[in-house]
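First up is the structure itself, then whatever we jot down about it.
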Amino acid sequence: KRSGAGPPLYLFLDPERTGTADGDRVVFASSAGRMGYGSARRTVGTLDASWRPWSVGKKQPGARSDTVPCLVRGAWVAASGLALVPLSFAGAKVAAPAEPPRLALRGSAPDGPPAVPLLRCEVPLGDGAAAAGWPAGGWGHLPVGKSKARFESIAWITERLELPAAVRGWTALEAAEAVVAWHSGASPCEASAPSMPRLRWVANARGQVTALEDPVQAGAYEQALKRRPAPFGVAMRADPAEGGATVGQIEVSANPLALALRALALMPTGGDGAAAELAWRVVPHSDAKEPRPPLRLSSNKQDEAAGQPPHFQAFSGRCGRVLPLRPEQQRSLAWMLRQEAPDAPPFVEQEVGEAALPALGWRLEARARVPRLVRGGVLADEVGYGKTVITIALIDASPRAPLPPPPPLRPSGFHPLKATLVLAPSHLLKQWPSEIARFTGGALKTLTIATMADINKYSIKQLEAADVVVCAITVLRNDLYFERLANLAGADKLPSKSSMRHFAQAYGETMAELQQTVAAVTSGDVPAASQRVRDGQQRRAAARRGGGGHMGKSLGNTANRVEAGLKLESMAMAAAPQGKKATYAAEKKAAAKAKAGGSADAMDVSDGEDDVSPPAKAGKTSKAAAKPAKRAAAGGRKRAAPSPASDDDFEDDEDEQEASEYEEEPSEDEKPAKKRGAGKSKPATADERDPWGLSGTKCAKDWRHMTAAPLEMFYWNRLVIDEFTYNKERDHVAIVSGVQAASRWVLSGTPDVSGFPAVAETANWLGLHLGSSDASELSKQERKEQSALERFQYFKEVHTPAWHAQRHAVAQDFLDRYVRQNVAEIDEIPWREQAALVALPPSERALYIELKNHLEALDMKNSHKTIKSKCKSENDREARLAQVLGGSASPEEALLKRCAHFDMVGSATSAAAACNAIVATRTKQLKLCSEEIERQTGYARDAIALFEATHPTAKLDPKQAELRGMPASHFRDWQTKEIADCGDDEATRRMVLLVKAGLARPKAKVALPPEEKSFKDKMAWVRDQVHLLRRLQKELTGRVRSLRFFEAVRSVQSGGELPGKAAGLPADSLGLLSCCGHAGPLAEMLEAADRQECPHPRCKAAARPGCVVRVSELGREAKSQAGGAFGAKLSAVAALITRVPAGERVLVFVQFADLLVKVQEALQAAGHKVALLKGTPNQRSATIEAFQQPELAPSQPRVLLLNLRDESAAGANLTAASHCVFLHPLLVGSQQEFDSCDTQAVGRVRRYGQARTVQIYRFVVDNTIDTDIFRARRADAAPMLEAACRADEAAPLP
């Protein structure tokens, strides 16, 4: 009972994080919330641990009075006998430098640079007792990180030492030779920053490429790390003084040069390396976290406007009317011109190393700074502002002339062009040339590259004449492009499907080789370039035949084979971690394949994506060789047979490949989820001989007739990446590392500025390095691609709040320098947004509840944490669990799809039929699980018997003998105790019968896995057989409960009665638990759910209030299905589109590829003509162009389906449509991603050029995951849902 006006006081059980429950205490406290890790609750009183407010059993306690010991904290008590006496510091002497020490590193320093004293203190210690523990007669050095007790004992001295003023500011360091070494690619100082071990890339048994360090180098590296000079040093000594007293001395030193060289080693080479600067300082240190302001974007609102570009005005020969820039666009153009100015200042990249000395409250900081000149920036104007037009204006207003590559690029390694290269999503390929022609009146010559066939079509001479080259980003996702790139470079084949880090390393080596080929071509020495290509082809042909190319058979031992991990990976021979036998077996298998006519690298790491990559018709072949090639072309996905390379392979043939042979495959997002998968690896193919025409007569006369040149061959005047946030993996590597230009621009209306990692990724597109990442900021893929040593290093490195604050400031500096975001002034475009609530009919509601309950019963929410077992039956179990998701990537995705359609993977024609199919499926799954338990029981019994027979006790030591009995003990406990109480009486009855049947099975043949070598590994494998039985038992319980619940729901909806306590009671007074399927009086079910219990006897389901389903809400099945053949939501969307006036067009946004297909079927069944953005770049851009036609012809579709999650929902101008339908809320991992995708989608129609009122409809199924996501992501969700209309009443404005 509360009395007085003070804060509320709570009485509750406050459990400890560790220990047994018996030690938890009931406390009085003013707060009852969950405490974060490492924080402690301030309590008013703590009761004795033996007291609990509740009685034993399930009965609620009655009123009672107890006397309990209570510990009360916080009471003030007078301590008259205590006094604080300050220690005397009289006679102490402190020496510190008056000027900042000037430090320099000249020549080699095998042990690293020396430390410099910062402060020396001399203190009288008095008698011998005070000097206890001080080293006498010499300096004793304290390990800074391991001397907490010693530092505490001298805190009376260290707390009085002030940081010298001379070292508080940044002071330059000199290390010219170290900078030169770093700029050449070596370590600036091996003692301070030892070189990382060389990485080898090997494929494991599952075909996954992993990074391994050289073990010898890794060991040396680890030892070198331990010997690195310490950033701080503290030494102390005690010396006798006059009168028998003792004087103590403390010296604090620092090694700024060593720390600065560590920071320099983290910097990427490049930029103006000769101008690298090193500096250091010492500042007060604190572990307190200071709030950082959110990162902000600047605008051009205060900038002066630039004039209209020359061809945005009237001129002789102009095509079309003049379309000038708006005033706000002219301001943006002025900023872009300044960013590209010759006198644009460089950006200073920096890395900061730090080391703290907590005992003194000091922090040593050393930084390395390198200026890097980057022209360009990020045009982040909001959707609808006109980024494309402003970029075209920049091209028109700037000089168009070839520029030589600046250092450190190799001048002869690139051919300069005057053209601007635009890399755009495939569906925008026609929009860019159309806008260029419309605004410049046809003054700029534009070339379009949609597919590899277009690359074949253009010669270097044609590219030299172009002003703009628009290329589909999908070209850089085509295997053929990278195969041809390596072919021209004369390099080894690039890994097609591998880790991105692996690809990036191989790509960098290929680029170095390519520059040599380009140098030969552009100098006129075409025969030398042709020879380089032939040499590379012969080397790769040898590798395909099993010879390993130039490394091949010379590798005589396992160590050498591991050393060549990158080469062996392409031959499927990187089995070194499995031992010599595995290595030799892989070699033997590869040689056998080659001898039989197969390909030795058929096991090359790949995810099995079948990209069509036919060789170009550049060489003449015999009739015998031509027939297989024709058959391969006719077969669609079959490859041409390889033929050996020869010197006369290079024959001139001007015939072009048909464009269809080079069309890209649909993107992975376009493929239905159920069709994705690893598939089989593709066989290796022979290289294209000469798609560039290097051996032809035209190139012999003028090398500029060379065709099919890769984008990396040129130094472009400008590079523009449209919608850069959607580019990932190989295209990202190629754009950032390979494609070079004088200026770089990236466009996106929704850049991520949520923190330093996001801004650093954006800066990377411009070629800037903002700083190293913290371990907590690495993505899942980056962590996966780390080597073991790198993971350890990241784990060991702990950064201070000041380090994070400094990077935050660097990120803001980058945004201020290179990013501008202007808001489109489009308030005059009227728009309306409304939510449409869908009420699922009973059968669809039952299907949704059943799936939700089934996922929870099988613990699919934590499916990513599934234990990776070595048991043979584990794959069967995981396959059954994955089947529940129906091709979805997560439980949330499966539930979202179930809200939209009642049967995504089946062929049910109605929701009622889907319900019947669900009952049949769940019954079958329960049967399969039961059979698996029976089979696994006998298998576990036999495995234990074999293990014990193989390892008799007499041959084991005491520890092994103890471990030997562990599997049998687990199995005995499981069958005698655990199965007797499954938490569900029906599941228990089933389990007892199944185990009995399993133990009665005849003995089967069991073999211990050969990969389990040691005794302990074999024991663990046998024990895992019992662990699998436990998981199967849990699965069986979940399936029994799931089936019981769904049968109860369907019984209610069909007019039947529920059994048990629910029999005979009216529906409005009944409750049904979704967690177990038991029913009863509603009040009783709610009361039990509050206690997290099920009132049914022997049911231990963890019920919660949210599990109680009111039977009255399930409804009764009507004779006619309200949802129709496609469900209530899709039927409502189709009805809405029917109500849209005939002349108006509609965009429908859906996130999932398989759901897009269902939506298309539903709308077409309703009589609507629908277009789906899919296929090749030409098909995508043609779809967009046709949809944007001013007049809607009767045969043209007026509905366009777009994927809400990928780039198809971004960039395009779709103002021909004025209605946007969002089928479901977007399922993403962050609020920033949600806002970005949603803004991009709405921006397709709400932009300049829109002549109608924009109407947005958001369909949400009531009381489902739809509403959960909508409320979590939308700040205005509550008023929108309150004002929402019924889905069947949604209609456009009149």
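Going by the structure tokens order, chains are called A, B, ..., each with residues numbered from 1, while ligands are numbered from 1 in the order shown.
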Need to verify the contact set: A:Phe1015, 9 Å, only C-alpha atoms, exclusion of same-chain residues closer than 3 positions in sequence. Can you return it as a PDB file with N, CA, C and O atoms, in the first residue's frame?
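What ended up in part_36.pdb:
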```pdb
ATOM      1  N   HIS A 951      35.687 -49.745 -28.010  1.00  0.00           N
ATOM      2  CA  HIS A 951      36.563 -49.165 -26.996  1.00  0.00           C
ATOM      3  C   HIS A 951      36.296 -49.838 -25.647  1.00  0.00           C
ATOM      4  O   HIS A 951      35.598 -49.290 -24.781  1.00  0.00           O
ATOM      5  N   GLN A 960      38.995 -41.458 -19.986  1.00  0.00           N
ATOM      6  CA  GLN A 960      38.301 -42.015 -21.147  1.00  0.00           C
ATOM      7  C   GLN A 960      37.239 -43.013 -20.725  1.00  0.00           C
ATOM      8  O   GLN A 960      36.173 -43.093 -21.336  1.00  0.00           O
ATOM      9  N   ARG A 964      33.446 -42.862 -21.776  1.00  0.00           N
ATOM     10  CA  ARG A 964      32.877 -43.982 -22.526  1.00  0.00           C
ATOM     11  C   ARG A 964      31.431 -44.249 -22.130  1.00  0.00           C
ATOM     12  O   ARG A 964      30.575 -44.576 -22.962  1.00  0.00           O
ATOM     13  N   GLU A1012      35.625 -38.887 -37.895  1.00  0.00           N
ATOM     14  CA  GLU A1012      35.792 -38.743 -36.453  1.00  0.00           C
ATOM     15  C   GLU A1012      36.988 -39.591 -36.044  1.00  0.00           C
ATOM     16  O   GLU A1012      36.896 -40.809 -35.902  1.00  0.00           O
ATOM     17  N   LYS A1018      34.587 -39.423 -31.457  1.00  0.00           N
ATOM     18  CA  LYS A1018      33.660 -40.546 -31.652  1.00  0.00           C
ATOM     19  C   LYS A1018      32.606 -40.573 -30.545  1.00  0.00           C
ATOM     20  O   LYS A1018      31.425 -40.819 -30.802  1.00  0.00           O
ATOM     21  N   MET A1019      33.051 -40.321 -29.313  1.00  0.00           N
ATOM     22  CA  MET A1019      32.096 -40.272 -28.209  1.00  0.00           C
ATOM     23  C   MET A1019      31.069 -39.161 -28.430  1.00  0.00           C
ATOM     24  O   MET A1019      29.866 -39.356 -28.206  1.00  0.00           O
ATOM     25  N   ALA A1020      31.535 -37.994 -28.900  1.00  0.00           N
ATOM     26  CA  ALA A1020      30.618 -36.883 -29.141  1.00  0.00           C
ATOM     27  C   ALA A1020      29.621 -37.225 -30.233  1.00  0.00           C
ATOM     28  O   ALA A1020      28.442 -36.870 -30.153  1.00  0.00           O
TER      29      ALA A1020
END
```
Go through stretch 432-517 of chain A residue by residue and, counting only C-alpha atoms, keep those with an atom at most 9 Å from stretch 734-753 of chain A; for each kept residue give the shortest atom pair and its distance in Å to one decimal, ordered by chain and increasing number, as a tab-separated table.
```
residue	atom	partner	partner_atom	distance
A:Leu476	CA	A:Ala734	CA	7.4
A:Ala504	CA	A:Ala734	CA	8.3
A:Tyr507	CA	A:Ala734	CA	7.9
A:Gly508	CA	A:Ser737	CA	7.5
A:Met511	CA	A:Gly738	CA	6.9
```
Write the residues you've just listed into a file as an mmCIF file, in the first residue's frame, and include N, CA and C atoms for each of them.
```cif
data_model
loop_
_atom_site.group_PDB
_atom_site.id
_atom_site.type_symbol
_atom_site.label_atom_id
_atom_site.label_comp_id
_atom_site.auth_asym_id
_atom_site.auth_seq_id
_atom_site.Cartn_x
_atom_site.Cartn_y
_atom_site.Cartn_z
ATOM 1 N N LEU A 476 27.911 -6.093 -65.348
ATOM 2 C CA LEU A 476 28.944 -6.417 -64.368
ATOM 3 C C LEU A 476 28.516 -7.535 -63.428
ATOM 4 N N ALA A 504 37.705 -10.304 -54.817
ATOM 5 C CA ALA A 504 38.379 -9.011 -54.866
ATOM 6 C C ALA A 504 39.892 -9.185 -54.998
ATOM 7 N N TYR A 507 40.551 -10.407 -58.492
ATOM 8 C CA TYR A 507 40.243 -9.323 -59.434
ATOM 9 C C TYR A 507 41.377 -8.299 -59.456
ATOM 10 N N GLY A 508 41.926 -7.977 -58.293
ATOM 11 C CA GLY A 508 43.041 -7.035 -58.249
ATOM 12 C C GLY A 508 44.239 -7.536 -59.026
ATOM 13 N N MET A 511 43.487 -7.126 -62.709
ATOM 14 C CA MET A 511 43.605 -5.744 -63.179
ATOM 15 C C MET A 511 45.058 -5.371 -63.437
#
```
Close residues, A:Ala279 itself excluded, 6 Å, only C-alpha atoms, min 5 positions apart in chain, as a VMD selection string: chain A and resid 170 to 173 366 to 367
Shell around stretch 892-898 of chain A at 9 Å using only C-alpha atoms, local window under 3 positions removed, as a ChimeraX atom specification: /A:844,847-848,851-852,861,884-889,901-904,1152,1155,1224-1225,1227,1264-1266
Selection: 10 Å around A:Arg438, only C-alpha atoms, excl. self and same-chain fewer than 3 positions, as a list in words: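 After dropping sequence-adjacent residues, the list is Phe312, Arg318, Cys319, Gly320, Arg321, Val322, Leu323, Val389, Trp432, Pro433, Ser434, Glu435, Gly441, Gly442 and Ala443 of chain A.
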Just all heavy atoms for this one: save the residues we selected as a short mmCIF file (atom, residue, chain, number, x, y, z; two decimals), in the first residue's frame.
```
data_model
loop_
_atom_site.label_atom_id
_atom_site.label_comp_id
_atom_site.auth_asym_id
_atom_site.auth_seq_id
_atom_site.Cartn_x
_atom_site.Cartn_y
_atom_site.Cartn_z
N PHE A 312 21.02 23.37 -72.84
CA PHE A 312 19.72 23.49 -72.19
C PHE A 312 19.05 24.80 -72.63
O PHE A 312 18.06 25.21 -72.06
CB PHE A 312 19.88 23.47 -70.67
CG PHE A 312 19.99 22.08 -70.09
CD1 PHE A 312 20.99 21.21 -70.51
CD2 PHE A 312 19.10 21.63 -69.14
CE1 PHE A 312 21.10 19.94 -69.98
CE2 PHE A 312 19.20 20.36 -68.60
CZ PHE A 312 20.20 19.51 -69.03
N ARG A 318 18.57 22.35 -82.79
CA ARG A 318 18.02 21.69 -81.61
C ARG A 318 16.79 20.88 -81.97
O ARG A 318 15.92 21.32 -82.74
CB ARG A 318 17.68 22.72 -80.54
CG ARG A 318 17.08 22.07 -79.28
CD ARG A 318 16.66 23.07 -78.23
NE ARG A 318 16.09 22.37 -77.11
CZ ARG A 318 16.77 21.90 -76.07
NH1 ARG A 318 18.06 22.12 -76.00
NH2 ARG A 318 16.18 21.23 -75.10
N CYS A 319 16.67 19.71 -81.36
CA CYS A 319 15.48 18.87 -81.53
C CYS A 319 14.61 19.03 -80.29
O CYS A 319 15.07 18.80 -79.17
CB CYS A 319 15.88 17.40 -81.70
SG CYS A 319 16.93 17.07 -83.12
N GLY A 320 13.36 19.41 -80.49
CA GLY A 320 12.44 19.55 -79.37
C GLY A 320 12.54 20.91 -78.72
O GLY A 320 13.40 21.73 -79.02
N ARG A 321 11.64 21.12 -77.74
CA ARG A 321 11.58 22.42 -77.08
C ARG A 321 12.62 22.53 -75.98
O ARG A 321 13.13 21.52 -75.48
CB ARG A 321 10.18 22.65 -76.52
CG ARG A 321 9.76 21.69 -75.44
CD ARG A 321 8.27 21.86 -75.11
NE ARG A 321 7.84 20.97 -74.04
CZ ARG A 321 7.86 21.28 -72.75
NH1 ARG A 321 8.29 22.48 -72.38
NH2 ARG A 321 7.44 20.43 -71.85
N VAL A 322 12.92 23.76 -75.59
CA VAL A 322 13.90 24.02 -74.55
C VAL A 322 13.31 23.68 -73.18
O VAL A 322 12.19 24.11 -72.86
CB VAL A 322 14.37 25.49 -74.59
CG1 VAL A 322 15.29 25.79 -73.42
CG2 VAL A 322 15.04 25.80 -75.91
N LEU A 323 14.07 22.93 -72.39
CA LEU A 323 13.64 22.55 -71.04
C LEU A 323 14.73 23.00 -70.07
O LEU A 323 15.66 22.23 -69.76
CB LEU A 323 13.42 21.04 -70.94
CG LEU A 323 12.31 20.47 -71.83
CD1 LEU A 323 12.35 18.95 -71.81
CD2 LEU A 323 10.95 20.96 -71.38
N VAL A 389 18.47 14.70 -64.40
CA VAL A 389 18.57 15.93 -65.21
C VAL A 389 19.78 16.77 -64.78
O VAL A 389 20.51 17.31 -65.63
CB VAL A 389 17.27 16.74 -65.10
CG1 VAL A 389 17.39 18.07 -65.84
CG2 VAL A 389 16.10 15.94 -65.64
N TRP A 432 17.61 6.99 -69.44
CA TRP A 432 18.77 7.88 -69.50
C TRP A 432 18.97 8.46 -70.90
O TRP A 432 19.03 9.69 -71.05
CB TRP A 432 20.02 7.15 -69.03
CG TRP A 432 20.28 7.28 -67.56
CD1 TRP A 432 19.88 6.43 -66.58
CD2 TRP A 432 20.99 8.34 -66.91
NE1 TRP A 432 20.29 6.88 -65.36
CE2 TRP A 432 20.99 8.05 -65.52
CE3 TRP A 432 21.62 9.50 -67.35
CZ2 TRP A 432 21.60 8.88 -64.58
CZ3 TRP A 432 22.24 10.32 -66.41
CH2 TRP A 432 22.22 10.03 -65.06
N PRO A 433 19.08 7.66 -71.97
CA PRO A 433 19.24 8.26 -73.30
C PRO A 433 18.07 9.15 -73.70
O PRO A 433 18.27 10.18 -74.35
CB PRO A 433 19.33 7.04 -74.22
CG PRO A 433 19.78 5.93 -73.34
CD PRO A 433 19.16 6.19 -72.02
N SER A 434 16.86 8.77 -73.29
CA SER A 434 15.70 9.59 -73.61
C SER A 434 15.79 10.96 -72.96
O SER A 434 15.52 11.99 -73.59
CB SER A 434 14.43 8.85 -73.17
OG SER A 434 13.30 9.68 -73.33
N GLU A 435 16.18 10.99 -71.66
CA GLU A 435 16.31 12.27 -70.97
C GLU A 435 17.46 13.10 -71.53
O GLU A 435 17.37 14.33 -71.63
CB GLU A 435 16.53 12.02 -69.47
CG GLU A 435 15.36 11.35 -68.76
CD GLU A 435 14.17 12.29 -68.60
OE1 GLU A 435 14.17 13.08 -67.66
OE2 GLU A 435 13.27 12.22 -69.46
N GLY A 441 18.56 18.44 -76.52
CA GLY A 441 18.16 18.63 -77.92
C GLY A 441 18.96 17.79 -78.89
O GLY A 441 19.14 18.18 -80.05
N GLY A 442 19.46 16.64 -78.46
CA GLY A 442 20.21 15.76 -79.34
C GLY A 442 21.65 16.17 -79.54
O GLY A 442 22.33 15.64 -80.44
N ALA A 443 22.17 17.08 -78.71
CA ALA A 443 23.55 17.57 -78.90
C ALA A 443 24.59 16.59 -78.40
O ALA A 443 25.74 16.64 -78.84
CB ALA A 443 23.71 18.92 -78.19
#
```
Contacts of A:Arg228 at 8 Å (only C-alpha atoms; same-chain gap of 5+ positions) as a list in words: Gly112, Ala191, Ser192 and Ala193 of chain A
Contact residues around A:Pro371 with only C-alpha atoms at 6 Å, ignoring same-chain residues under 4 positions, as JSON, numbers by chain: {"A": [272, 346, 347, 348]}
Interatomic distance, atom CA of A:Glu688 to atom CA of A:Leu480 (Å, one decimal):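 Separating atom CA of A:Glu688 from atom CA of A:Leu480 is a distance of 9.6 Å.
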Distance criterion (only C-alpha atoms): nearest to A:Gly1167 out of A:Pro215, A:Pro495, A:Pro113, A:Pro1197: A:Pro1197
Residues flagged strand (DSSP E) by DSSP in stretch 690-765 of chain A, as a VMD selection string: chain A and resid 714 to 716 718 to 722 740 to 741 744 to 747
Among the residues A:Arg545, A:Pro1194, A:Ser30, A:Leu1073, the one that comes closest to A:Gly6 [using only C-alpha atoms]: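 So, comparing all the options, the nearest one is A:Ser30.
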Among listed residues A:Leu926, A:Leu264, A:Ala1162, A:Ala131, nearest A:Gly1127 (using only C-alpha atoms): A:Ala1162
